[in-house]
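Okay, entry_3.cif now, which holds mmCIF, C-alpha atoms and all ligand atoms:
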data_work
#
loop_
_atom_site.label_atom_id
_atom_site.label_comp_id
_atom_site.auth_asym_id
_atom_site.auth_seq_id
_atom_site.Cartn_x
_atom_site.Cartn_y
_atom_site.Cartn_z
CA MET W 604 3.41 28.45 -10.22
CA SER W 605 4.06 27.11 -6.72
CA THR W 606 2.71 23.60 -6.24
CA ASN W 607 3.65 20.51 -4.27
CA LEU W 608 5.66 19.49 -7.34
CA SER W 609 7.82 22.58 -7.15
CA GLY W 610 11.51 21.60 -7.26
CA LYS W 611 10.70 17.89 -7.36
CA HIS W 612 12.84 15.62 -9.54
CA ILE W 613 10.64 13.52 -11.79
CA VAL W 614 11.81 10.78 -14.13
CA LEU W 615 9.21 10.57 -16.90
CA GLY W 616 9.39 7.17 -18.60
CA ILE W 617 7.73 6.99 -22.01
CA THR W 618 7.10 3.71 -23.80
CA GLY W 619 5.98 2.89 -27.32
CA GLY W 620 2.22 3.34 -27.48
CA ILE W 621 -0.14 5.70 -29.31
CA ALA W 622 -0.79 7.54 -26.05
CA ALA W 623 2.85 8.70 -26.09
CA TYR W 624 1.63 11.93 -27.73
CA LYS W 625 -0.16 12.76 -24.46
CA SER W 626 3.19 12.57 -22.65
CA VAL W 627 4.17 15.82 -24.35
CA TYR W 628 1.27 17.55 -22.56
CA LEU W 629 2.11 15.72 -19.36
CA LEU W 630 5.71 16.93 -19.57
CA ARG W 631 4.55 20.51 -20.20
CA LEU W 632 2.23 20.40 -17.17
CA LEU W 633 4.96 18.94 -14.94
CA ILE W 634 7.40 21.68 -15.98
CA LYS W 635 4.70 24.33 -15.43
CA SER W 636 4.16 22.93 -11.92
CA GLY W 637 7.80 23.64 -11.15
CA ALA W 638 9.16 20.08 -11.41
CA GLU W 639 12.53 19.21 -12.94
CA VAL W 640 11.93 16.40 -15.42
CA GLN W 641 14.31 13.87 -16.96
CA VAL W 642 12.73 11.96 -19.82
CA VAL W 643 13.71 8.32 -20.39
CA MET W 644 12.24 6.71 -23.53
CA THR W 645 12.23 3.13 -24.69
CA PRO W 646 13.61 2.69 -28.23
CA ASN W 647 10.05 1.97 -29.46
CA ALA W 648 8.68 5.21 -28.01
CA LYS W 649 10.75 7.11 -30.57
CA GLU W 650 8.51 5.68 -33.28
CA PHE W 651 5.66 7.67 -31.75
CA ILE W 652 7.22 10.98 -30.63
CA THR W 653 10.61 12.54 -31.19
CA PRO W 654 13.23 13.11 -28.50
CA VAL W 655 13.70 16.66 -29.88
CA THR W 656 10.21 17.72 -28.79
CA LEU W 657 10.74 16.26 -25.34
CA SER W 658 14.24 17.63 -24.77
CA SER W 659 13.09 21.12 -25.85
CA LEU W 660 10.28 21.05 -23.31
CA SER W 661 12.28 19.49 -20.45
CA GLY W 662 15.48 21.42 -21.12
CA LYS W 663 17.49 18.18 -20.76
CA PRO W 664 18.73 15.65 -23.30
CA VAL W 665 16.41 12.66 -23.50
CA ILE W 666 17.92 9.36 -22.36
CA SER W 667 17.07 6.24 -24.26
CA GLU W 668 20.17 4.09 -24.68
CA PHE W 669 22.70 2.89 -22.10
CA PHE W 670 25.45 4.80 -24.00
CA THR W 671 25.55 7.91 -26.17
CA ALA W 672 26.67 6.41 -29.50
CA ASN W 673 29.15 9.07 -30.62
CA THR W 674 30.85 9.85 -27.28
CA GLY W 675 30.54 6.47 -25.55
CA GLU W 676 29.20 8.30 -22.46
CA TRP W 677 27.46 5.86 -20.08
CA HIS W 678 24.10 6.87 -18.63
CA SER W 679 23.87 5.72 -15.06
CA HIS W 680 20.44 4.28 -14.32
CA VAL W 681 21.56 4.00 -10.69
CA ASP W 682 22.25 7.74 -10.38
CA LEU W 683 18.99 8.51 -12.12
CA GLY W 684 17.12 6.18 -9.79
CA LEU W 685 18.61 8.00 -6.79
CA TRP W 686 18.05 11.49 -8.25
CA ALA W 687 14.32 10.91 -8.69
CA ASP W 688 11.71 11.99 -6.13
CA ALA W 689 9.20 10.07 -8.24
CA MET W 690 9.18 8.09 -11.44
CA VAL W 691 6.14 8.20 -13.72
CA ILE W 692 5.76 5.78 -16.59
CA ALA W 693 3.21 7.20 -19.02
CA PRO W 694 2.17 5.54 -21.16
CA ALA W 695 3.09 2.12 -19.84
CA THR W 696 2.49 -0.53 -22.51
CA ALA W 697 1.62 -4.15 -21.75
CA SER W 698 5.16 -5.10 -22.72
CA THR W 699 6.85 -2.62 -20.36
CA ILE W 700 4.46 -3.56 -17.54
CA GLY W 701 5.41 -7.21 -18.10
CA LYS W 702 9.12 -6.37 -18.08
CA MET W 703 8.80 -4.30 -14.91
CA ALA W 704 6.82 -7.01 -13.15
CA ASN W 705 9.41 -9.64 -14.01
CA GLY W 706 12.68 -7.70 -13.89
CA VAL W 707 13.44 -7.94 -17.62
CA ALA W 708 16.02 -5.15 -17.67
CA ASP W 709 16.78 -4.88 -21.38
CA ASN W 710 16.40 -1.12 -21.75
CA MET W 711 17.26 2.06 -19.91
CA LEU W 712 13.70 2.62 -18.70
CA VAL W 713 13.35 -0.76 -16.96
CA THR W 714 16.86 -0.60 -15.45
CA THR W 715 16.06 2.86 -14.08
CA TYR W 716 12.81 1.51 -12.65
CA LEU W 717 14.66 -1.36 -10.95
CA SER W 718 17.15 1.10 -9.42
CA ALA W 719 14.56 3.66 -8.33
CA LYS W 720 14.31 4.27 -4.59
CA ALA W 721 11.49 6.76 -5.11
CA PRO W 722 7.80 5.96 -5.51
CA VAL W 723 6.83 4.80 -8.99
CA PHE W 724 3.57 5.65 -10.76
CA VAL W 725 2.52 3.40 -13.62
CA THR W 726 -0.05 4.69 -16.11
CA PRO W 727 -1.19 1.82 -18.34
CA ALA W 728 -2.43 2.49 -21.86
CA MET W 729 -3.32 -0.18 -24.39
CA ASP W 730 -6.13 -1.67 -26.40
CA LEU W 731 -9.09 -3.04 -24.47
CA ASP W 732 -8.38 -6.72 -25.16
CA MET W 733 -4.75 -6.37 -24.08
CA MET W 734 -5.92 -4.55 -20.97
CA ALA W 735 -8.43 -7.31 -20.18
CA HIS W 736 -5.90 -10.13 -20.72
CA PRO W 737 -5.16 -12.11 -17.55
CA SER W 738 -1.40 -11.59 -17.99
CA THR W 739 -1.85 -7.80 -17.93
CA SER W 740 -4.02 -7.99 -14.80
CA ARG W 741 -1.53 -10.31 -13.16
CA ASN W 742 1.45 -8.09 -14.00
CA LEU W 743 -0.36 -4.98 -12.74
CA GLU W 744 -1.22 -6.86 -9.55
CA LEU W 745 2.46 -7.79 -9.15
CA LEU W 746 3.50 -4.17 -9.64
CA ARG W 747 0.95 -3.12 -7.02
CA SER W 748 2.20 -5.74 -4.60
CA TYR W 749 5.74 -4.30 -4.96
CA GLY W 750 4.31 -0.99 -3.70
CA ASN W 751 4.04 0.79 -7.05
CA HIS W 752 1.12 3.13 -7.67
CA ILE W 753 -1.12 2.31 -10.61
CA ILE W 754 -2.94 5.26 -12.16
CA ASP W 755 -5.83 3.39 -13.68
CA SER W 756 -6.64 3.77 -17.37
CA GLU W 757 -9.98 5.21 -18.46
CA SER W 758 -12.75 3.91 -20.67
CA GLY W 759 -13.49 5.52 -24.01
CA GLU W 760 -12.64 5.35 -27.69
CA LEU W 761 -9.24 3.76 -28.31
CA ALA W 762 -6.76 4.12 -31.17
CA SER W 763 -8.25 0.95 -32.70
CA HIS W 764 -11.64 2.78 -32.76
CA LEU W 765 -12.92 0.14 -30.37
CA VAL W 766 -14.54 1.46 -27.25
CA GLY W 767 -13.48 0.17 -23.84
CA LYS W 768 -10.99 0.44 -21.01
CA GLY W 769 -7.39 1.22 -21.93
CA ARG W 770 -7.08 4.98 -22.55
CA MET W 771 -4.24 6.55 -20.63
CA ALA W 772 -5.38 8.78 -17.77
CA GLU W 773 -5.46 12.46 -18.81
CA PRO W 774 -2.22 14.38 -18.18
CA GLN W 775 -3.93 16.78 -15.77
CA SER W 776 -5.26 13.93 -13.66
CA ILE W 777 -1.75 12.35 -13.53
CA VAL W 778 -0.33 15.67 -12.35
CA ASP W 779 -3.13 15.98 -9.75
CA THR W 780 -2.32 12.48 -8.43
CA LEU W 781 1.37 13.38 -8.08
CA ASP W 782 0.55 16.72 -6.49
CA SER W 783 -1.66 15.18 -3.80
CA PHE W 784 0.93 12.44 -3.24
CA PHE W 785 3.62 15.03 -2.48
CA ALA W 786 1.14 17.12 -0.45
CA SER W 787 0.61 14.20 1.93
CA SER W 788 4.24 13.09 2.00
CA HIS W 789 5.07 14.71 5.32
CA ASP W 790 1.69 15.32 6.87
CA LEU W 791 2.40 12.87 9.72
CA ALA W 792 5.89 14.19 10.50
CA GLY W 793 6.43 14.24 14.27
CA LYS W 794 3.61 11.74 14.92
CA ARG W 795 4.39 8.43 16.63
CA VAL W 796 2.28 5.58 15.31
CA LEU W 797 1.80 2.07 16.70
CA VAL W 798 0.31 -0.59 14.41
CA THR W 799 -0.53 -4.21 15.27
CA ALA W 800 -0.71 -6.65 12.38
CA GLY W 801 -1.04 -10.29 11.40
CA PRO W 802 -2.37 -13.23 13.39
CA THR W 803 -1.26 -14.42 16.81
CA ARG W 804 -0.31 -18.02 17.53
CA GLU W 805 -1.31 -19.62 20.80
CA ALA W 806 0.81 -22.67 21.56
CA ILE W 807 -0.86 -26.00 22.38
CA ASP W 808 2.37 -27.99 22.58
CA PRO W 809 5.84 -27.59 20.98
CA VAL W 810 4.48 -28.37 17.48
CA ARG W 811 0.87 -27.10 17.43
CA PHE W 812 -0.88 -23.81 17.85
CA ILE W 813 -4.24 -22.07 17.55
CA GLY W 814 -4.08 -19.42 14.84
CA ASN W 815 -6.03 -17.80 12.04
CA TYR W 816 -5.79 -16.91 8.35
CA SER W 817 -4.64 -13.27 8.73
CA THR W 818 -1.77 -12.42 6.37
CA GLY W 819 -0.91 -9.01 7.81
CA LYS W 820 -1.39 -7.23 4.46
CA MET W 821 -3.71 -4.52 5.80
CA GLY W 822 -1.59 -3.72 8.85
CA TYR W 823 1.67 -3.60 6.90
CA ALA W 824 0.04 -1.34 4.31
CA ILE W 825 -1.05 1.05 7.10
CA ALA W 826 2.38 1.04 8.76
CA ASN W 827 4.09 1.67 5.41
CA GLU W 828 1.68 4.48 4.52
CA CYS W 829 2.25 6.21 7.89
CA ARG W 830 6.02 5.92 7.42
CA ARG W 831 5.82 7.37 3.90
CA ARG W 832 3.97 10.32 5.38
CA GLY W 833 6.77 11.01 7.81
CA ALA W 834 5.56 9.30 11.02
CA GLU W 835 7.77 7.37 13.41
CA VAL W 836 6.24 3.90 13.14
CA THR W 837 6.40 0.83 15.40
CA LEU W 838 4.80 -2.26 13.91
CA VAL W 839 4.05 -5.09 16.33
CA SER W 840 3.58 -8.08 14.07
CA GLY W 841 2.48 -11.65 14.54
CA PRO W 842 4.03 -14.32 12.26
CA VAL W 843 3.55 -13.31 8.60
CA GLU W 844 5.19 -14.34 5.36
CA ALA W 845 4.46 -12.45 2.17
CA VAL W 846 4.52 -8.88 3.48
CA LYS W 847 7.37 -6.46 4.09
CA ALA W 848 7.67 -3.24 6.03
CA VAL W 849 9.40 -0.33 4.28
CA ASP W 850 12.72 1.07 5.49
CA GLY W 851 12.37 3.06 8.68
CA VAL W 852 9.46 1.09 10.18
CA LYS W 853 10.51 -0.48 13.49
CA VAL W 854 9.18 -4.04 13.44
CA ILE W 855 8.73 -6.01 16.67
CA GLY W 856 7.96 -9.65 15.92
CA VAL W 857 5.75 -11.52 18.39
CA GLU W 858 3.92 -14.84 18.49
CA SER W 859 1.14 -14.80 21.06
CA ALA W 860 -1.51 -12.28 22.12
CA ARG W 861 0.22 -11.78 25.45
CA GLU W 862 3.53 -11.02 23.75
CA MET W 863 1.72 -8.61 21.44
CA LEU W 864 0.14 -6.84 24.43
CA ASP W 865 3.51 -6.56 26.23
CA ALA W 866 5.18 -5.10 23.12
CA CYS W 867 2.34 -2.56 22.73
CA LEU W 868 2.42 -1.56 26.40
CA LYS W 869 6.15 -0.79 26.11
CA VAL W 870 5.56 1.84 23.43
CA PHE W 871 2.02 3.07 24.08
CA ASP W 872 2.99 5.95 26.38
CA ASN W 873 4.99 7.37 23.51
CA THR W 874 2.30 6.85 20.91
CA ASP W 875 0.03 9.45 19.30
CA ILE W 876 -1.93 7.12 17.02
CA ALA W 877 -2.51 3.37 17.51
CA VAL W 878 -4.06 1.31 14.73
CA MET W 879 -5.01 -2.20 15.79
CA THR W 880 -5.34 -4.37 12.70
CA ALA W 881 -4.10 -7.66 14.21
CA ALA W 882 -6.36 -10.68 14.19
CA VAL W 883 -5.69 -11.56 17.83
CA ALA W 884 -6.69 -15.06 18.93
CA ASP W 885 -9.42 -14.52 21.51
CA TYR W 886 -8.52 -17.69 23.42
CA ARG W 887 -5.40 -19.67 24.26
CA PRO W 888 -4.89 -23.12 25.75
CA ALA W 889 -4.98 -22.91 29.54
CA GLU W 890 -1.76 -24.89 29.63
CA VAL W 891 0.97 -25.46 27.08
CA ALA W 892 2.14 -29.09 27.04
CA SER W 893 5.90 -29.28 27.37
CA ARG W 894 6.11 -32.24 24.99
CA LYS W 895 4.16 -33.22 21.89
CA ILE W 896 0.71 -34.45 22.85
CA LYS W 897 0.28 -38.01 21.54
CA ARG W 898 -2.80 -39.15 19.68
CA GLU W 899 -3.04 -42.43 21.56
CA GLU W 900 -3.19 -40.58 24.85
CA ASN W 901 -6.27 -38.64 23.63
CA GLY W 902 -4.68 -35.47 24.89
CA ILE W 903 -6.11 -33.37 22.06
CA ASP W 904 -9.72 -34.36 22.59
CA ASN W 905 -10.29 -31.58 25.02
CA ILE W 906 -8.14 -28.53 25.19
CA ALA W 907 -9.16 -26.22 27.99
CA LEU W 908 -9.07 -22.60 26.82
CA VAL W 909 -8.76 -19.31 28.64
CA LYS W 910 -9.49 -15.81 27.35
CA ASN W 911 -6.67 -13.73 25.95
CA PRO W 912 -6.26 -10.08 26.89
CA ASP W 913 -8.02 -7.62 24.60
CA ILE W 914 -5.18 -5.42 23.37
CA ALA W 915 -7.33 -2.76 21.70
CA ALA W 916 -9.57 -2.49 24.77
CA THR W 917 -6.57 -2.28 27.10
CA LEU W 918 -5.04 0.58 25.11
CA GLY W 919 -8.49 2.19 24.63
CA LYS W 920 -9.00 2.30 28.39
CA MET W 921 -5.47 3.56 29.08
CA LYS W 922 -5.43 6.31 26.48
CA SER W 923 -5.15 9.91 27.52
CA ASP W 924 -6.21 13.10 25.73
CA GLY W 925 -4.33 13.47 22.49
CA GLN W 926 -3.96 9.73 21.91
CA TYR W 927 -6.07 8.35 19.07
CA VAL W 928 -6.85 4.61 18.99
CA VAL W 929 -8.39 2.94 15.95
CA GLY W 930 -9.65 -0.65 15.83
CA PHE W 931 -10.64 -2.89 12.96
CA ALA W 932 -13.77 -5.01 12.97
CA LEU W 933 -14.66 -7.98 10.86
CA GLU W 934 -18.37 -8.65 11.09
CA THR W 935 -20.64 -11.04 9.24
CA ASP W 936 -24.04 -9.77 10.43
CA HIS W 937 -25.52 -6.50 11.79
CA GLU W 938 -22.19 -5.09 10.66
CA ALA W 939 -22.48 -1.36 11.49
CA GLU W 940 -24.32 -2.02 14.76
CA ASN W 941 -21.78 -4.59 15.95
CA ALA W 942 -18.85 -2.39 14.92
CA MET W 943 -20.24 0.61 16.80
CA ALA W 944 -20.85 -1.54 19.90
CA LYS W 945 -17.25 -2.77 19.67
CA LEU W 946 -15.97 0.80 19.39
CA LYS W 947 -17.84 1.78 22.56
CA ARG W 948 -16.89 -1.36 24.47
CA LYS W 949 -13.19 -0.88 23.73
CA ASN W 950 -13.31 2.92 24.15
CA LEU W 951 -11.87 3.49 20.67
CA ASP W 952 -11.84 6.76 18.74
CA ALA W 953 -12.79 5.06 15.49
CA ILE W 954 -13.30 1.63 14.03
CA VAL W 955 -12.70 0.43 10.48
CA LEU W 956 -15.36 -2.04 9.44
CA ASN W 957 -14.27 -4.71 6.96
CA SER W 958 -17.07 -6.29 5.08
CA LEU W 959 -16.82 -10.01 4.38
CA ALA W 960 -20.05 -9.79 2.44
CA GLU W 961 -18.37 -8.87 -0.84
CA LYS W 962 -16.07 -10.89 -3.07
CA GLY W 963 -12.44 -9.72 -2.87
CA THR W 964 -12.57 -8.62 0.75
CA GLY W 965 -11.19 -9.98 4.01
CA PHE W 966 -8.30 -12.32 4.85
CA GLY W 967 -5.60 -13.01 2.28
CA THR W 968 -7.13 -10.92 -0.51
CA ASP W 969 -5.33 -7.95 -2.06
CA THR W 970 -8.44 -5.81 -1.99
CA ASN W 971 -10.75 -4.67 0.74
CA ARG W 972 -13.91 -2.63 1.24
CA VAL W 973 -14.18 -0.63 4.41
CA ASP W 974 -16.35 1.84 6.29
CA PHE W 975 -14.63 4.26 8.64
CA ILE W 976 -16.84 4.78 11.70
CA ALA W 977 -15.91 7.62 14.04
CA ASN W 978 -16.93 7.64 17.71
CA ASP W 979 -19.54 10.34 17.00
CA GLY W 980 -21.30 7.83 14.75
CA THR W 981 -20.34 9.33 11.37
CA VAL W 982 -19.76 6.65 8.78
CA THR W 983 -17.56 7.17 5.71
CA ARG W 984 -17.99 4.47 3.11
CA PHE W 985 -15.25 3.53 0.65
CA ASP W 986 -15.30 1.48 -2.56
CA ILE W 987 -13.59 -1.88 -2.91
CA LYS W 988 -9.92 -1.20 -3.74
CA PRO W 989 -6.36 -2.53 -3.28
CA LYS W 990 -5.28 -2.71 0.38
CA ILE W 991 -2.50 -0.17 -0.28
CA GLU W 992 -5.17 2.35 -1.33
CA VAL W 993 -7.46 1.37 1.55
CA ALA W 994 -4.52 2.14 3.86
CA ARG W 995 -4.27 5.62 2.30
CA ASP W 996 -7.99 6.23 2.85
CA VAL W 997 -7.79 5.08 6.48
CA VAL W 998 -4.74 7.25 7.20
CA ASP W 999 -6.41 10.24 5.45
CA MET W 1000 -9.44 9.75 7.71
CA ILE W 1001 -7.31 9.57 10.87
CA LYS W 1002 -5.41 12.67 9.75
CA SER W 1003 -8.61 14.61 9.15
CA MET W 1004 -10.09 13.50 12.51
CA LEU W 1005 -6.94 14.68 14.30
CA SER W 1006 -7.02 18.07 12.65
CA ARG W 1007 -10.65 18.71 13.63
N1 LIG K 1101 -8.41 -7.02 19.29
C1 LIG K 1101 -7.36 -6.97 20.17
N2 LIG K 1101 -7.19 -7.97 21.07
C2 LIG K 1101 -8.03 -9.01 21.10
C3 LIG K 1101 -9.10 -9.08 20.19
C4 LIG K 1101 -9.27 -8.06 19.28
O1 LIG K 1101 -6.59 -6.01 20.13
N3 LIG K 1101 -7.84 -9.97 21.97
C5 LIG K 1101 -8.61 -5.88 18.35
C6 LIG K 1101 -8.41 -6.19 16.92
O2 LIG K 1101 -7.08 -5.94 16.51
C7 LIG K 1101 -9.38 -5.23 16.25
C8 LIG K 1101 -10.50 -5.10 17.24
O3 LIG K 1101 -9.95 -5.48 18.48
O4 LIG K 1101 -8.83 -3.96 16.10
C9 LIG K 1101 -11.71 -5.93 16.94
O5 LIG K 1101 -11.34 -7.27 16.76
P1 LIG K 1101 -12.45 -8.40 16.56
O6 LIG K 1101 -11.80 -9.73 16.45
O7 LIG K 1101 -13.38 -7.98 15.46
O8 LIG K 1101 -13.23 -8.23 17.92
P2 LIG K 1101 -13.44 -9.12 19.17
O9 LIG K 1101 -13.37 -8.22 20.35
O10 LIG K 1101 -12.54 -10.31 19.19
O11 LIG K 1101 -14.95 -9.55 19.00
P3 LIG K 1101 -15.61 -10.78 18.22
O12 LIG K 1101 -14.51 -11.72 17.82
O13 LIG K 1101 -16.55 -11.33 19.22
O14 LIG K 1101 -16.36 -10.17 17.07
#

As a first step, turn the structure in this file into structure tokens.
Amino acid sequence: MSTNLSGKHIVLGITGGIAAYKSVYLLRLLIKSGAEVQVVMTPNAKEFITPVTLSSLSGKPVISEFFTANTGEWHSHVDLGLWADAMVIAPATASTIGKMANGVADNMLVTTYLSAKAPVFVTPAMDLDMMAHPSTSRNLELLRSYGNHIIDSESGELASHLVGKGRMAEPQSIVDTLDSFFASSHDLAGKRVLVTAGPTREAIDPVRFIGNYSTGKMGYAIANECRRRGAEVTLVSGPVEAVKAVDGVKVIGVESAREMLDACLKVFDNTDIAVMTAAVADYRPAEVASRKIKREENGIDNIALVKNPDIAATLGKMKSDGQYVVGFALETDHEAENAMAKLKRKNLDAIVLNSLAEKGTGFGTDTNRVDFIANDGTVTRFDIKPKIEVARDVVDMIKSMLSR
């Protein structure tokens, strides 16, 4: 069967949980889809299923220990990490999730994970109380923040006969997730993408500035997603701390709105898609004091401000046919109306409306809820989800608009 998994190298990590029996079906489906699969088991997983079953289905010896006991042959987790096009850990127990989140490399599976250059999919499976424990949520959040993909567990009857969330996702749905991941992996090849991200800082004097709470998470997630899908990406970023661009993204660091505009203007002619996520300061001090303003001199009582350039509007007005410019809007009232007016005013092709109305959305959070509003007025509403997944939705929308 020809699928997007055809010829792909998959490391299937299996840990010691009841759901390990489902991994046999998962392995069979992966092989049927044309993937080449190397199974890595934790020692505990062998209490649940035998390596013989797995090696027969995969056609490769199962790896579990660092060495083969009788020959002394060393299994290189580094080579395995480089061989993989994707690593899937199914089931992932609370213990393995904790080890992965904290770099506890005491078995072959976790060392392989730490060496993996490829995307990693984690499929949690455990009892409902373990799933609901704050340490599990925290560890899953950490794994997400490292860029791993979490294939959420389902609700239903568990091995304990209790009913709740913790069942491993069904093998077919794991395969479907991988298939659509590989399907999109090069769908932006040849496209040049410009992303603005983070806050800007507008200097008052050598030690003070006007700024805002933006962390850059949304913009970095969009730049990283575009890069993963094969685009050539330039990320113009204000000062940020806890976020990182993936290899291959060209990052231009700037401080002020004017510097951000200059950096964008340098690349805009060679841009197919521009996504403006930066929280640009609308105003800056009319003058920057050359020395620290002293309290006694009352110099901070009144700071005269002037308007900053509107970067999105500048690019929106400059754009030619074939260039697609997307803005972001953060509104607190008359959200859709204000966002649509902003889209028109800035001559954008689409605007992504962030809602501040719900818990877990907006600045500094790891999750977001957005509506994608196209310039023809069509609104696509998304659920609240991690910013990495929001980035995927936004890029999917842009992709589908471009192929119309
Ligand atoms: N934007 C920009 N340059 C500015 C202000 C905003 O490029 N000087 C971009 C943002 O990156 C975002 C969009 O414009 O994509 C909307 O930003 P927002 O702050 O919501 O809009 P404003 O035009 O500043 O309107 P207001 O603050 O009055 O809501």

Which residues are near ligand LIG 1101 (chain K) - at most 8 Å, using all atoms listed in the file? Format: as a PyMOL selection string.
chain W and resi 799-800+860+878-886+911-917+929-934+941-942+945+949+954

Cut-off 10 Å: closest region 688-792 of chain W/region 643-665 of chain W atom pairs per residue, using all atoms listed in the file, as JSON lines:
{"residue": "W:Ile692", "atom": "CA", "partner": "W:Val643", "partner_atom": "CA", "distance": 9.2}
{"residue": "W:Pro694", "atom": "CA", "partner": "W:Ala648", "partner_atom": "CA", "distance": 9.5}
{"residue": "W:Thr699", "atom": "CA", "partner": "W:Thr645", "partner_atom": "CA", "distance": 9.0}
{"residue": "W:Asp709", "atom": "CA", "partner": "W:Thr645", "partner_atom": "CA", "distance": 9.8}
{"residue": "W:Asn710", "atom": "CA", "partner": "W:Thr645", "partner_atom": "CA", "distance": 6.6}
{"residue": "W:Met711", "atom": "CA", "partner": "W:Thr645", "partner_atom": "CA", "distance": 7.0}
{"residue": "W:Leu712", "atom": "CA", "partner": "W:Val643", "partner_atom": "CA", "distance": 5.9}
{"residue": "W:Val713", "atom": "CA", "partner": "W:Thr645", "partner_atom": "CA", "distance": 8.7}
{"residue": "W:Thr715", "atom": "CA", "partner": "W:Val643", "partner_atom": "CA", "distance": 8.7}

Would you kindly return, as a compact mmCIF listing (two decimals) with C-alpha atoms, in the coordinates of the input, each protein, DNA or RNA residue with an atom no farther than 10 Å from any atom of region 921-923 of chain W, considering only C-alpha atoms and excluding same-chain residues fewer than 6 positions away?
# COMPACT_ATOMS: atom_id res chain seq x y z
CA LEU W 868 2.42 -1.56 26.40
CA PHE W 871 2.02 3.07 24.08
CA ASP W 872 2.99 5.95 26.38
CA THR W 874 2.30 6.85 20.91
CA ASP W 875 0.03 9.45 19.30
CA ALA W 877 -2.51 3.37 17.51
CA ALA W 915 -7.33 -2.76 21.70
CA ASN W 950 -13.31 2.92 24.15
CA LEU W 951 -11.87 3.49 20.67

Please provide the set of residues having any atom within 8 Å of Ile987 (chain W), restricted to only C-alpha atoms, with same-chain residues fewer than 5 positions apart removed, written as JSON, numbers by chain.
{"W": [963, 964, 970, 971, 972, 973]}

What lies within 9 Å of Asp790 (chain W) using all atoms listed in the file, ignoring chain neighbours under 6 positions off, as a ChimeraX atom specification?
/W:832-834,1002

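CA of Val691 (chain W) lies 15.7 Å from CA of Gly637 (chain W).
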
For Ala866 (chain W), work out the shell of residues within 9 Å, counting all atoms listed in the file and skipping chain neighbours fewer than 3 positions away, then give it as a ChimeraX atom specification.
/W:839,855-857,861-863,869-871

Check the smallest atom-to-atom distance from each of W:Asp808, W:Glu835, W:Asp986, W:Asp730 to Val766 (chain W) using only C-alpha atoms, then report the winner.
W:Asp730

Residue list as a ChimeraX atom specification for point (-9.1, 1.7, -18.0), cut-off 10 Å, only C-alpha atoms:
/W:726-731,734-735,754-759,767-772

Here CA of Pro737 (chain W) and CA of Glu828 (chain W) stand apart by 28.4 Å

Select, from W:Asp850, W:Asp688, W:Asp732, W:Asp952, the residue with the minimum atom-to-atom distance to Ser788 (chain W), counting all atoms listed in the file.
W:Asp688
